[in-house]
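Enquirer: Below you'll find work_25.cif; it's mmCIF, C-alpha atoms.
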```cif
data_coords
loop_
_atom_site.label_atom_id
_atom_site.label_comp_id
_atom_site.auth_asym_id
_atom_site.auth_seq_id
_atom_site.Cartn_x
_atom_site.Cartn_y
_atom_site.Cartn_z
CA MET A 1 116.25 130.47 100.42
CA PRO A 2 116.90 128.32 97.29
CA SER A 3 115.00 129.36 94.19
CA ASN A 4 113.05 126.10 93.95
CA ALA A 5 111.93 126.41 97.54
CA VAL A 6 110.53 129.89 96.90
CA ARG A 7 108.62 128.65 93.86
CA GLU A 8 107.22 125.66 95.66
CA LYS A 9 106.13 127.73 98.62
CA ILE A 10 104.30 130.14 96.31
CA ARG A 11 102.77 127.30 94.30
CA ALA A 12 101.56 125.59 97.46
CA PHE A 13 99.88 128.80 98.61
CA LEU A 14 98.18 129.35 95.24
CA VAL A 15 96.92 125.77 95.08
CA ARG A 16 95.71 125.90 98.66
CA GLN A 17 94.02 129.27 98.32
CA PHE A 18 92.61 129.44 94.78
CA PRO A 19 90.34 126.68 93.43
CA ARG A 20 91.21 127.44 89.81
CA ALA A 21 94.88 126.78 90.54
CA ARG A 22 93.95 123.27 91.70
CA VAL A 23 91.93 122.46 88.62
CA ARG A 24 94.56 123.55 86.16
CA GLY A 25 97.73 121.69 87.23
CA LEU A 26 99.60 124.94 87.57
CA THR A 27 103.02 125.36 85.89
CA ASP A 28 105.67 127.98 86.65
CA THR A 29 104.92 129.87 83.45
CA ASP A 30 101.09 129.86 83.43
CA ALA A 31 99.63 133.35 83.17
CA LEU A 32 97.93 133.69 86.55
CA LEU A 33 95.95 136.85 85.89
CA GLU A 34 94.90 136.21 82.30
CA SER A 35 93.83 132.65 83.05
CA GLY A 36 91.66 133.83 85.94
CA VAL A 37 93.60 131.99 88.66
CA LEU A 38 94.18 135.37 90.30
CA ASP A 39 91.82 138.33 90.26
CA SER A 40 92.39 141.70 91.94
CA LEU A 41 91.25 140.37 95.30
CA GLY A 42 93.46 137.32 94.81
CA VAL A 43 96.43 139.62 94.27
CA LEU A 44 95.71 141.25 97.64
CA GLU A 45 95.66 137.84 99.30
CA LEU A 46 98.87 136.83 97.58
CA VAL A 47 100.59 140.08 98.59
CA ALA A 48 99.56 139.59 102.22
CA TYR A 49 100.91 136.03 102.09
CA LEU A 50 104.23 137.04 100.50
CA GLU A 51 104.77 139.82 103.04
CA LYS A 52 104.09 137.53 105.96
CA GLY A 53 105.47 134.25 104.59
CA PHE A 54 108.79 135.71 103.34
CA GLU A 55 108.98 138.62 105.78
CA ILE A 56 109.28 141.18 103.02
CA SER A 57 107.54 144.49 102.45
CA ILE A 58 105.88 145.18 99.09
CA ALA A 59 105.37 148.80 98.06
CA ASP A 60 102.45 150.01 95.93
CA GLU A 61 104.83 150.77 93.05
CA GLN A 62 105.89 147.11 93.00
CA LEU A 63 102.34 145.89 92.33
CA VAL A 64 102.90 145.70 88.59
CA LEU A 65 101.91 143.07 86.07
CA GLU A 66 105.51 142.04 85.42
CA ASN A 67 106.01 140.98 89.04
CA PHE A 68 102.83 138.91 89.32
CA GLN A 69 102.24 137.36 85.90
CA THR A 70 103.51 133.85 86.64
CA ILE A 71 104.90 131.80 89.52
CA GLU A 72 108.33 132.20 87.93
CA ARG A 73 108.07 135.99 88.02
CA ILE A 74 106.64 136.14 91.50
CA ALA A 75 109.48 133.94 92.73
CA ALA A 76 112.07 136.13 90.99
CA PHE A 77 110.50 139.20 92.56
CA VAL A 78 110.50 137.64 96.03
CA GLU A 79 114.11 136.54 95.65
CA GLY A 80 115.05 140.07 94.64
CA GLN A 81 113.33 141.42 97.73
CA LEU A 82 115.07 138.87 99.95
CA GLN A 83 118.46 139.77 98.47
CA ASP A 84 117.78 143.48 98.92
CA ARG A 85 116.81 142.88 102.52
CA SER A 86 120.12 141.17 103.26
CA ARG A 87 122.19 143.95 101.63
CA PRO A 88 123.40 147.05 103.52
CA THR A 89 120.90 149.88 103.00
CA SER A 90 123.36 151.98 100.97
CA ASP A 91 123.94 149.10 98.55
CA ARG A 92 120.27 148.48 97.66
CA HIS A 93 119.00 149.26 94.19
CA ASP A 94 115.57 149.79 92.75
CA ARG A 95 113.73 146.50 92.38
CA THR A 96 110.30 147.83 91.74
CA ARG A 97 110.03 145.77 88.57
CA PHE A 98 110.93 142.27 87.54
CA GLN A 99 114.31 142.21 85.83
CA PRO A 100 114.89 139.14 83.68
CA MET B 1 83.94 158.34 68.20
CA SER B 2 83.71 157.40 64.52
CA GLU B 3 80.46 157.71 62.61
CA ALA B 4 80.38 153.91 62.17
CA ILE B 5 80.41 153.32 65.92
CA ALA B 6 77.83 155.99 66.58
CA GLU B 7 75.63 154.34 63.96
CA ARG B 8 75.96 150.89 65.52
CA LEU B 9 74.92 152.26 68.92
CA ARG B 10 72.16 154.51 67.64
CA LEU B 11 68.70 153.33 68.61
CA ASP B 12 65.43 153.66 66.77
CA LEU B 13 64.01 155.25 69.88
CA ASP B 14 60.32 154.83 69.13
CA GLN B 15 60.85 151.21 68.18
CA VAL B 16 62.96 150.41 71.25
CA THR B 17 60.56 152.18 73.59
CA GLY B 18 57.69 150.22 72.09
CA GLN B 19 59.59 146.94 72.34
CA ILE B 20 60.49 147.47 76.01
CA THR B 21 57.09 148.70 77.14
CA SER B 22 55.39 145.87 75.30
CA ALA B 23 57.75 143.33 76.89
CA LEU B 24 57.20 144.86 80.35
CA ARG B 25 53.42 144.71 79.99
CA HIS B 26 53.63 141.07 78.97
CA GLN B 27 56.17 140.09 81.64
CA VAL B 28 54.42 141.86 84.51
CA GLY B 29 50.84 141.10 83.54
CA GLU B 30 51.04 137.70 81.83
CA VAL B 31 54.18 135.98 83.11
CA LEU B 32 54.39 137.36 86.66
CA ARG B 33 50.65 138.08 86.95
CA ARG B 34 51.23 141.26 88.90
CA SER B 35 49.28 144.46 88.55
CA GLY B 36 52.02 147.08 88.62
CA ILE B 37 55.70 147.89 89.06
CA VAL B 38 57.90 149.05 91.94
CA VAL B 39 61.03 150.91 90.91
CA ALA B 40 63.68 152.23 93.28
CA MET B 41 64.75 155.65 92.06
CA SER B 42 68.29 156.87 92.76
CA GLY B 43 68.15 160.11 90.81
CA GLY B 44 70.47 158.54 88.24
CA VAL B 45 69.86 158.05 84.56
CA ASP B 46 69.20 154.28 84.64
CA SER B 47 66.44 154.31 87.25
CA SER B 48 64.94 157.47 85.76
CA VAL B 49 64.65 155.80 82.36
CA CYS B 50 63.23 152.67 83.96
CA ALA B 51 60.59 154.64 85.87
CA ALA B 52 59.50 156.32 82.65
CA LEU B 53 59.38 153.00 80.79
CA ALA B 54 57.37 151.43 83.62
CA ALA B 55 54.86 154.28 83.56
CA ALA B 56 54.55 154.02 79.79
CA ALA B 57 54.12 150.24 80.00
CA VAL B 58 51.49 149.84 82.71
CA GLY B 59 50.27 153.38 83.37
CA ALA B 60 51.56 155.92 85.90
CA GLN B 61 48.90 154.96 88.44
CA ARG B 62 50.32 151.42 88.56
CA VAL B 63 53.92 152.43 89.30
CA LEU B 64 55.42 153.09 92.73
CA GLY B 65 58.67 155.05 92.82
CA LEU B 66 60.75 154.52 95.95
CA SER B 67 63.58 156.56 97.32
CA LEU B 68 65.59 154.67 99.94
CA PRO B 69 68.20 157.05 101.31
CA GLU B 70 70.43 156.51 104.33
CA ARG B 71 72.55 158.86 106.33
CA GLU B 72 75.45 158.74 103.86
CA SER B 73 73.38 159.31 100.71
CA ASP B 74 73.81 162.36 98.53
CA ALA B 75 70.79 164.63 99.17
CA GLU B 76 70.67 165.44 95.46
CA SER B 77 69.66 161.82 94.72
CA LEU B 78 66.36 162.22 96.57
CA ALA B 79 65.62 165.66 95.12
CA LEU B 80 66.17 164.50 91.53
CA ALA B 81 64.17 161.30 92.01
CA ARG B 82 61.25 163.16 93.58
CA GLU B 83 61.17 165.75 90.83
CA TRP B 84 61.15 163.13 88.06
CA ALA B 85 58.51 161.00 89.81
CA THR B 86 56.31 164.09 90.09
CA GLN B 87 56.73 164.79 86.38
CA LEU B 88 55.83 161.21 85.55
CA GLY B 89 52.77 161.37 87.80
CA ILE B 90 53.68 158.21 89.71
CA GLU B 91 53.27 157.67 93.45
CA PHE B 92 56.54 158.35 95.26
CA LEU B 93 57.52 157.18 98.74
CA VAL B 94 60.64 157.92 100.76
CA GLU B 95 61.90 155.42 103.33
CA ASP B 96 65.08 156.27 105.21
CA ILE B 97 66.93 152.99 105.78
CA SER B 98 69.56 154.33 108.23
CA GLY B 99 67.85 152.76 111.25
CA THR B 100 67.64 149.34 109.62
CA LEU B 101 71.28 149.58 108.58
CA ASP B 102 72.24 150.50 112.14
CA ALA B 103 70.34 147.47 113.42
CA CYS B 104 72.19 145.21 110.96
CA GLY B 105 75.51 146.66 112.06
CA CYS B 106 76.25 147.92 108.56
CA TYR B 107 78.15 151.03 109.64
CA ALA B 108 79.68 149.48 112.78
CA ARG B 109 81.03 146.41 110.97
CA ARG B 110 82.46 148.49 108.13
CA ASP B 111 84.03 151.02 110.49
CA ALA B 112 85.57 148.27 112.63
CA ALA B 113 87.33 146.88 109.54
CA ILE B 114 88.57 150.36 108.56
CA ARG B 115 89.79 151.02 112.12
CA ARG B 116 92.11 148.02 111.94
CA LEU B 117 93.96 149.93 109.20
CA VAL B 118 93.34 153.49 110.38
CA PRO B 119 92.95 153.35 114.19
CA ALA B 120 91.86 157.02 114.43
CA TYR B 121 88.90 156.47 112.08
CA GLY B 122 85.69 157.37 113.89
CA GLU B 123 82.79 159.77 114.29
CA GLY B 124 82.57 162.33 111.51
CA TRP B 125 85.14 160.66 109.27
CA ARG B 126 84.15 159.80 105.71
CA CYS B 127 85.30 156.93 103.53
CA LYS B 128 85.09 155.22 100.17
CA LEU B 129 86.78 152.40 98.29
CA VAL B 130 88.98 153.32 95.36
CA LEU B 131 90.38 151.08 92.64
CA GLU B 132 93.75 152.23 91.33
CA GLY B 133 96.08 150.98 88.62
CA GLY B 134 94.86 148.96 85.67
CA GLY B 135 94.47 152.06 83.50
CA LEU B 136 95.35 152.04 79.82
CA ASP B 137 98.91 153.28 80.16
CA SER B 138 99.61 151.59 83.42
CA GLY B 139 101.48 148.35 83.98
CA ARG B 140 100.16 148.49 87.52
CA LEU B 141 97.68 145.96 88.77
CA SER B 142 94.20 147.06 89.80
CA ILE B 143 94.43 147.37 93.56
CA CYS B 144 91.79 148.52 96.00
CA TYR B 145 92.39 151.21 98.60
CA VAL B 146 90.21 152.67 101.31
CA ALA B 147 90.19 156.46 101.19
CA VAL B 148 89.42 158.15 104.52
CA GLN B 149 88.94 161.77 105.47
CA PRO B 150 88.85 163.12 109.04
CA PRO B 151 86.51 166.05 109.74
CA GLY B 152 88.11 169.10 108.14
CA GLY B 153 91.16 167.10 107.09
CA ASP B 154 92.64 165.74 103.90
CA VAL B 155 91.78 162.47 102.20
CA ARG B 156 94.37 159.74 102.56
CA LYS B 157 94.45 156.27 101.08
CA VAL B 158 95.48 152.95 102.57
CA ARG B 159 95.97 149.74 100.58
CA LEU B 160 93.38 147.18 101.58
CA PRO B 161 94.32 143.69 102.68
CA ALA B 162 91.89 141.07 101.35
CA ARG B 163 90.25 140.47 104.73
CA GLU B 164 89.41 144.12 105.34
CA PHE B 165 88.31 144.59 101.72
CA ARG B 166 85.87 141.70 102.05
CA GLU B 167 84.53 142.91 105.39
CA ILE B 168 83.97 146.47 104.15
CA VAL B 169 82.22 145.27 100.99
CA ALA B 170 80.15 142.69 102.89
CA ALA B 171 78.99 145.31 105.41
CA THR B 172 78.27 147.88 102.73
CA ASN B 173 76.23 145.36 100.74
CA PHE B 174 73.62 145.63 103.51
CA LYS B 175 72.62 148.90 101.84
CA GLN B 176 71.63 147.26 98.54
CA ARG B 177 70.04 144.28 100.29
CA VAL B 178 67.96 146.35 102.72
CA ARG B 179 66.76 148.48 99.82
CA LYS B 180 65.70 145.36 97.94
CA MET B 181 63.90 144.01 101.00
CA LEU B 182 61.80 147.18 101.12
CA GLU B 183 61.15 147.09 97.37
CA TYR B 184 59.74 143.60 97.80
CA TYR B 185 57.75 144.65 100.86
CA HIS B 186 55.96 147.27 98.79
CA ALA B 187 55.66 144.93 95.80
CA ASP B 188 54.02 142.25 97.96
CA ARG B 189 51.69 144.75 99.62
CA LEU B 190 50.56 146.17 96.26
CA HIS B 191 50.76 142.94 94.24
CA PHE B 192 53.37 144.64 92.03
CA ALA B 193 56.58 143.34 90.41
CA VAL B 194 60.04 144.68 91.25
CA LEU B 195 61.98 146.29 88.45
CA GLY B 196 65.78 146.12 88.36
CA THR B 197 67.69 148.92 86.67
CA PRO B 198 71.08 147.59 85.48
CA ASN B 199 72.35 148.67 82.08
CA ARG B 200 74.32 146.28 79.89
CA LEU B 201 77.73 147.35 81.15
CA GLU B 202 76.73 146.69 84.77
CA TYR B 203 74.87 143.48 83.96
CA ASP B 204 77.62 142.05 81.75
CA GLN B 205 80.48 142.99 84.07
CA GLY B 206 78.74 141.88 87.26
CA PHE B 207 78.55 145.31 88.87
CA PHE B 208 75.73 144.50 91.26
CA VAL B 209 75.11 142.90 94.65
CA LYS B 210 73.55 139.46 94.54
CA GLY B 211 70.32 139.60 96.50
CA GLY B 212 70.61 143.38 96.41
CA ASP B 213 70.38 145.57 93.34
CA GLY B 214 70.92 142.41 91.27
CA LEU B 215 67.61 140.96 92.43
CA ALA B 216 64.48 141.83 90.47
CA ASP B 217 61.53 140.39 88.57
CA VAL B 218 62.22 142.34 85.38
CA LYS B 219 65.31 144.12 84.05
CA PRO B 220 64.14 146.13 81.05
CA ILE B 221 67.39 147.91 80.10
CA ALA B 222 69.94 145.16 80.84
CA HIS B 223 70.47 144.73 77.08
CA LEU B 224 71.22 148.42 76.44
CA TYR B 225 74.67 149.97 76.48
CA LYS B 226 75.07 152.99 78.73
CA SER B 227 75.28 155.36 75.77
CA GLN B 228 71.99 153.91 74.51
CA VAL B 229 70.39 154.50 77.92
CA TYR B 230 71.35 158.16 77.57
CA GLN B 231 69.69 158.29 74.13
CA LEU B 232 66.57 156.81 75.62
CA ALA B 233 66.71 159.23 78.56
CA GLU B 234 66.67 162.20 76.24
CA HIS B 235 63.86 160.65 74.19
CA LEU B 236 61.76 160.06 77.30
CA GLY B 237 62.29 163.58 78.60
CA VAL B 238 64.49 162.73 81.59
CA PRO B 239 65.66 166.11 82.99
CA PRO B 240 69.11 167.36 81.94
CA ALA B 241 70.13 167.52 85.63
CA VAL B 242 69.78 163.73 85.79
CA ARG B 243 71.36 163.08 82.41
CA SER B 244 74.41 165.24 83.14
CA ARG B 245 75.05 163.73 86.57
CA PRO B 246 78.16 161.50 86.78
CA PRO B 247 77.15 157.87 87.44
CA THR B 248 77.78 157.28 91.12
CA THR B 249 77.44 154.34 93.46
CA ASP B 250 76.03 156.65 96.20
CA THR B 251 77.14 153.96 98.63
CA TYR B 252 80.01 155.53 100.58
CA SER B 253 80.17 158.74 102.58
CA LEU B 254 82.85 160.22 100.30
CA PRO B 255 81.64 160.87 96.74
CA GLN B 256 82.52 157.88 94.57
CA THR B 257 82.11 157.31 90.85
CA GLN B 258 81.53 153.86 89.38
CA GLU B 259 84.75 154.36 87.47
CA GLU B 260 86.96 154.70 90.52
CA PHE B 261 85.35 151.78 92.34
CA PHE B 262 84.87 149.15 89.69
CA PHE B 263 85.52 149.92 86.06
CA SER B 264 88.87 151.81 86.17
CA LEU B 265 88.17 153.38 82.75
CA PRO B 266 85.82 156.19 81.77
CA LEU B 267 82.40 154.62 81.31
CA THR B 268 81.86 156.20 77.89
CA GLN B 269 85.08 154.63 76.65
CA LEU B 270 84.44 151.25 78.25
CA ASP B 271 80.93 151.17 76.83
CA LEU B 272 82.27 151.53 73.30
CA VAL B 273 85.00 148.94 73.73
CA LEU B 274 82.50 146.48 75.22
CA GLN B 275 80.23 146.98 72.25
CA ALA B 276 83.13 146.39 69.82
CA HIS B 277 84.16 143.27 71.74
CA ASN B 278 80.61 141.89 71.77
CA ASP B 279 80.35 142.58 68.04
CA GLY B 280 83.37 140.33 67.50
CA ARG B 281 85.58 143.12 66.25
CA SER B 282 89.31 142.50 66.58
CA ALA B 283 91.35 144.79 68.82
CA ALA B 284 93.02 146.20 65.70
CA GLU B 285 89.69 147.04 64.06
CA ALA B 286 88.27 148.51 67.26
CA ALA B 287 91.42 150.57 67.80
CA ILE B 288 90.97 152.23 64.41
CA ASP B 289 87.25 152.81 65.01
CA LEU B 290 87.79 154.25 68.47
CA GLY B 291 91.01 156.16 67.82
CA MET B 292 92.80 154.12 70.47
CA GLN B 293 96.05 152.14 70.48
CA ARG B 294 95.63 148.45 69.69
CA GLU B 295 97.48 147.45 72.87
CA HIS B 296 95.06 149.52 74.93
CA VAL B 297 92.03 147.88 73.33
CA GLU B 298 93.59 144.46 73.93
CA ARG B 299 94.07 145.36 77.58
CA VAL B 300 90.44 146.41 77.95
CA TYR B 301 89.25 143.24 76.15
CA ARG B 302 91.24 141.16 78.64
CA ASP B 303 89.83 143.14 81.56
CA ILE B 304 86.28 142.63 80.27
CA GLU B 305 86.84 138.87 80.11
CA ARG B 306 88.47 138.84 83.55
CA LYS B 307 85.51 140.61 85.13
CA ARG B 308 83.08 138.28 83.36
CA ASN B 309 84.93 135.29 84.77
CA ALA B 310 85.25 136.77 88.23
CA THR B 311 81.55 137.65 88.50
CA ARG B 312 80.04 134.67 86.68
CA ALA B 313 78.71 133.16 89.90
CA LEU B 314 76.63 136.28 90.55
CA HIS B 315 74.45 135.41 87.57
CA LEU B 316 73.88 131.80 88.54
CA PRO B 317 70.60 130.59 90.00
CA PRO B 318 70.97 128.40 93.12
CA LEU B 319 72.81 125.20 92.19
CA LEU B 320 70.88 121.98 92.73
CA VAL B 321 72.29 118.49 93.11
CA ASP B 322 69.86 117.06 90.59
CA ARG B 323 67.40 118.49 88.09
CA VAL B 324 63.82 119.28 89.02
CA PRO B 325 62.27 119.27 85.53
CA GLU B 326 58.80 120.25 86.71
CA VAL B 327 60.19 123.60 87.89
CA GLU B 328 62.80 124.06 85.14
CA ASP B 329 60.05 124.14 82.53
CA HIS B 330 58.80 127.38 84.02
CA GLN B 331 62.15 129.04 84.54
CA SER B 332 64.05 131.45 82.36
CA GLY B 333 66.78 133.96 83.00
CA GLY B 334 69.46 134.05 85.65
CA ALA B 335 69.62 134.97 89.26
CA GLY B 336 70.65 138.19 90.85
#
```
Let me see whether you can do it: turn the structure in this file into structure tokens.

Expert:
Amino acid sequence: MPSNAVREKIRAFLVRQFPRARVRGLTDTDALLESGVLDSLGVLELVAYLEKGFEISIADEQLVLENFQTIERIAAFVEGQLQDRSRPTSDRHDRTRFQP
Amino acid sequence: MSEAIAERLRLDLDQVTGQITSALRHQVGEVLRRSGIVVAMSGGVDSSVCAALAAAAVGAQRVLGLSLPERESDAESLALAREWATQLGIEFLVEDISGTLDACGCYARRDAAIRRLVPAYGEGWRCKLVLEGGGLDSGRLSICYVAVQPPGGDVRKVRLPAREFREIVAATNFKQRVRKMLEYYHADRLHFAVLGTPNRLEYDQGFFVKGGDGLADVKPIAHLYKSQVYQLAEHLGVPPAVRSRPPTTDTYSLPQTQEEFFFSLPLTQLDLVLQAHNDGRSAAEAAIDLGMQREHVERVYRDIERKRNATRALHLPPLLVDRVPEVEDHQSGGAG
């Protein structure tokens, strides 16, 4: 899936699901947690959406600030998961954290 | 803790006791025009202090202490509450709310949500919600798990999807709301006011159930930090067994501290950081005072603000479309 498409899909979910995302005119680099767009319950909703919407599995160890700070970082994390999924098992590497 | 911090939190105990009891007398007698006070007693330090303050304010004979246990309550809560009520010389009633909770479907609704995640969960199992991550040294996000334990087995934890989290919390909130319903029953029958027992940390951070423990006519210690409540407890003669008890929610069948459910930091530490934040001290200043790393204080400051934002609606009174000035003139304070 192209990078822009991943971002737009995530943005659309956030805007649809979280009222504060609608009010703010959300950019790719807005701090979602610090600005209050996402709280801990919101993270759970987002995780459920990402797992279902992108058919990926997110482990507890991957629920770190770096992966969920902004739309840009969430998209990078999702893309990493999608790439890992398409690689042979023996070729996968640790993607528990966002790697710029 | 530095001497400067201890000094800022130290109360003039006689003065504070006088201020609170005087305010309570005025609020209950003059503003609310009620003749006494109902206080639900959990055997914890906050409600024990409040019961003592109520007795000092309006007289022991005008205070009703209530214990409202249910089948998952810690038996120690009732024993400690009863003992303290006896010492204070106030009337003390026990009403087991398990039957009412059964009728509301409190346990059944909660257990159905848990069973979607842990199909074997059933009779004899115990549970609690646990918040993990979000600690000082952790880059992990605060995430909620349900911890379950089969009879005779080990505790295991399952990450909670948002839907199940909401359903478990919504069902469990029946406990606080049923308790409040009974507090108001007794208050109406006796023409008393209902006293709420939150301390400043709980009040500020929204650690209460709207229409449950958040609902009250008076909240006499909502302005006091937890460490100040402990000072007052000692001053008022609250038994050491109550003062040394870890603050607990006493809401789930597995023992659960407030820290593991909501605050994610030791309460003593969070109390001090909250006080520094409210005093307008920078993270760097507070870090020196508290012997913490600046980054850690910054993280706690951010968490305090996040919780304030997330729970702001809990403090709001019902929202009207237009003002009703005739009623506004008589209103003060928030909702709960």

Enquirer: Report the residues retrieved by the PyMOL selection byres ((chain A and resi 75) around 10) from the displayed file, expressed as a list in words.

Expert: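 Taken on the displayed file, the PyMOL selection byres ((chain A and resi 75) around 10) yields the residues Ser3, Asn4, Ala5, Val6, Arg7, Glu8, Lys9, Ile10, Arg11, Asp28, Leu50, Asn67, Phe68, Thr70, Ile71, Glu72, Arg73, Ile74, Ala76, Phe77, Val78, Glu79, Gly80, Gln81 and Phe98 of chain A.
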
Enquirer: Would you give me, as a tab-separated table, each residue of chain A having an atom within 7 Å of an atom of chain B, along with its shortest atom pair and that distance in Å to one decimal, using all atoms listed in the file and sorting by chain and residue number?

Expert:
```
residue	atom	partner	partner_atom	distance
A:Gly36	CA	B:Arg306	CA	6.4
A:Ser40	CA	B:Ser142	CA	6.0
A:Leu41	CA	B:Ala162	CA	6.1
A:Leu44	CA	B:Ala162	CA	5.3
A:Glu45	CA	B:Ala162	CA	5.4
A:Ala48	CA	B:Pro161	CA	6.7
A:Leu63	CA	B:Leu141	CA	5.9
A:Val64	CA	B:Arg140	CA	4.1
A:Leu65	CA	B:Gly139	CA	5.7
```

Enquirer: Keeping C-alpha atoms for every residue in the selection just given, could you write it to a file as a CSV table (one decimal), in the frame of the given file?

Expert:
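And here's part23.csv as it stands now:
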```csv
chain,number,residue,atom,x,y,z
A,36,GLY,CA,91.7,133.8,85.9
A,40,SER,CA,92.4,141.7,91.9
A,41,LEU,CA,91.2,140.4,95.3
A,44,LEU,CA,95.7,141.2,97.6
A,45,GLU,CA,95.7,137.8,99.3
A,48,ALA,CA,99.6,139.6,102.2
A,63,LEU,CA,102.3,145.9,92.3
A,64,VAL,CA,102.9,145.7,88.6
A,65,LEU,CA,101.9,143.1,86.1
```

Enquirer: Could you tell me which residues the PyMOL selection byres ((chain A and resi 18-25) around 8) grabs in this file, written as a PDB file with C-alpha atoms, keeping the file's coordinate frame?

Expert:
```
ATOM      1  CA  LEU A  14      98.180 129.350  95.240  1.00  0.00           C
ATOM      2  CA  VAL A  15      96.920 125.770  95.080  1.00  0.00           C
ATOM      3  CA  ARG A  16      95.710 125.900  98.660  1.00  0.00           C
ATOM      4  CA  GLN A  17      94.020 129.270  98.320  1.00  0.00           C
ATOM      5  CA  LEU A  26      99.600 124.940  87.570  1.00  0.00           C
ATOM      6  CA  THR A  27     103.020 125.360  85.890  1.00  0.00           C
ATOM      7  CA  GLY A  36      91.660 133.830  85.940  1.00  0.00           C
ATOM      8  CA  VAL A  37      93.600 131.990  88.660  1.00  0.00           C
ATOM      9  CA  LEU A  38      94.180 135.370  90.300  1.00  0.00           C
ATOM     10  CA  GLY A  42      93.460 137.320  94.810  1.00  0.00           C
TER      11      GLY A  42
END
```

Enquirer: Kindly give the distance, in Å, that separates CA of Glu202 in chain B and CA of Val31 in chain B, rounded to a single decimal.

Expert: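 Separation between CA of Glu202 in chain B and CA of Val31 in chain B: 25.0 Å.
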
Enquirer: Rounded to one decimal place, report the CA of Leu272 in chain B-CA of Val297 in chain B distance in Å.

Expert: 10.4 Å

Enquirer: At a cut-off of 12 Å around the point (91.4, 151.9, 111.0) (file coordinates), what residues fall inside when counting only C-alpha atoms? I'd like the answer as a PyMOL selection string.

Expert: chain B and resi 109-122+125-127+146-150+156-160+164+168

Enquirer: CA of Gly152 in chain B to CA of Tyr252 in chain B: how many Å, to one decimal?

Expert: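 About the pair CA of Gly152 in chain B and CA of Tyr252 in chain B: they are 17.5 Å apart.
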
Enquirer: Give me the result of the PyMOL selection byres ((chain B and resi 54) around 9) on this file, residue by residue, as a CSV table (one decimal) with C-alpha atoms, in the frame of the given file.

Expert:
```csv
chain,number,residue,atom,x,y,z
B,21,THR,CA,57.1,148.7,77.1
B,24,LEU,CA,57.2,144.9,80.4
B,25,ARG,CA,53.4,144.7,80.0
B,36,GLY,CA,52.0,147.1,88.6
B,37,ILE,CA,55.7,147.9,89.1
B,38,VAL,CA,57.9,149.0,91.9
B,39,VAL,CA,61.0,150.9,90.9
B,49,VAL,CA,64.6,155.8,82.4
B,50,CYS,CA,63.2,152.7,84.0
B,51,ALA,CA,60.6,154.6,85.9
B,52,ALA,CA,59.5,156.3,82.6
B,53,LEU,CA,59.4,153.0,80.8
B,55,ALA,CA,54.9,154.3,83.6
B,56,ALA,CA,54.6,154.0,79.8
B,57,ALA,CA,54.1,150.2,80.0
B,58,VAL,CA,51.5,149.8,82.7
B,59,GLY,CA,50.3,153.4,83.4
B,60,ALA,CA,51.6,155.9,85.9
B,62,ARG,CA,50.3,151.4,88.6
B,63,VAL,CA,53.9,152.4,89.3
B,195,LEU,CA,62.0,146.3,88.4
B,220,PRO,CA,64.1,146.1,81.0
```

Enquirer: May I ask which of the residues B:Ala171, B:Leu232, B:Leu190, B:Leu66 is the closest one to Arg34 in chain B, counting only C-alpha atoms?

Expert: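 Going through B:Ala171, B:Leu232, B:Leu190, B:Leu66 one by one, the smallest distance to Arg34 in chain B is for B:Leu190.
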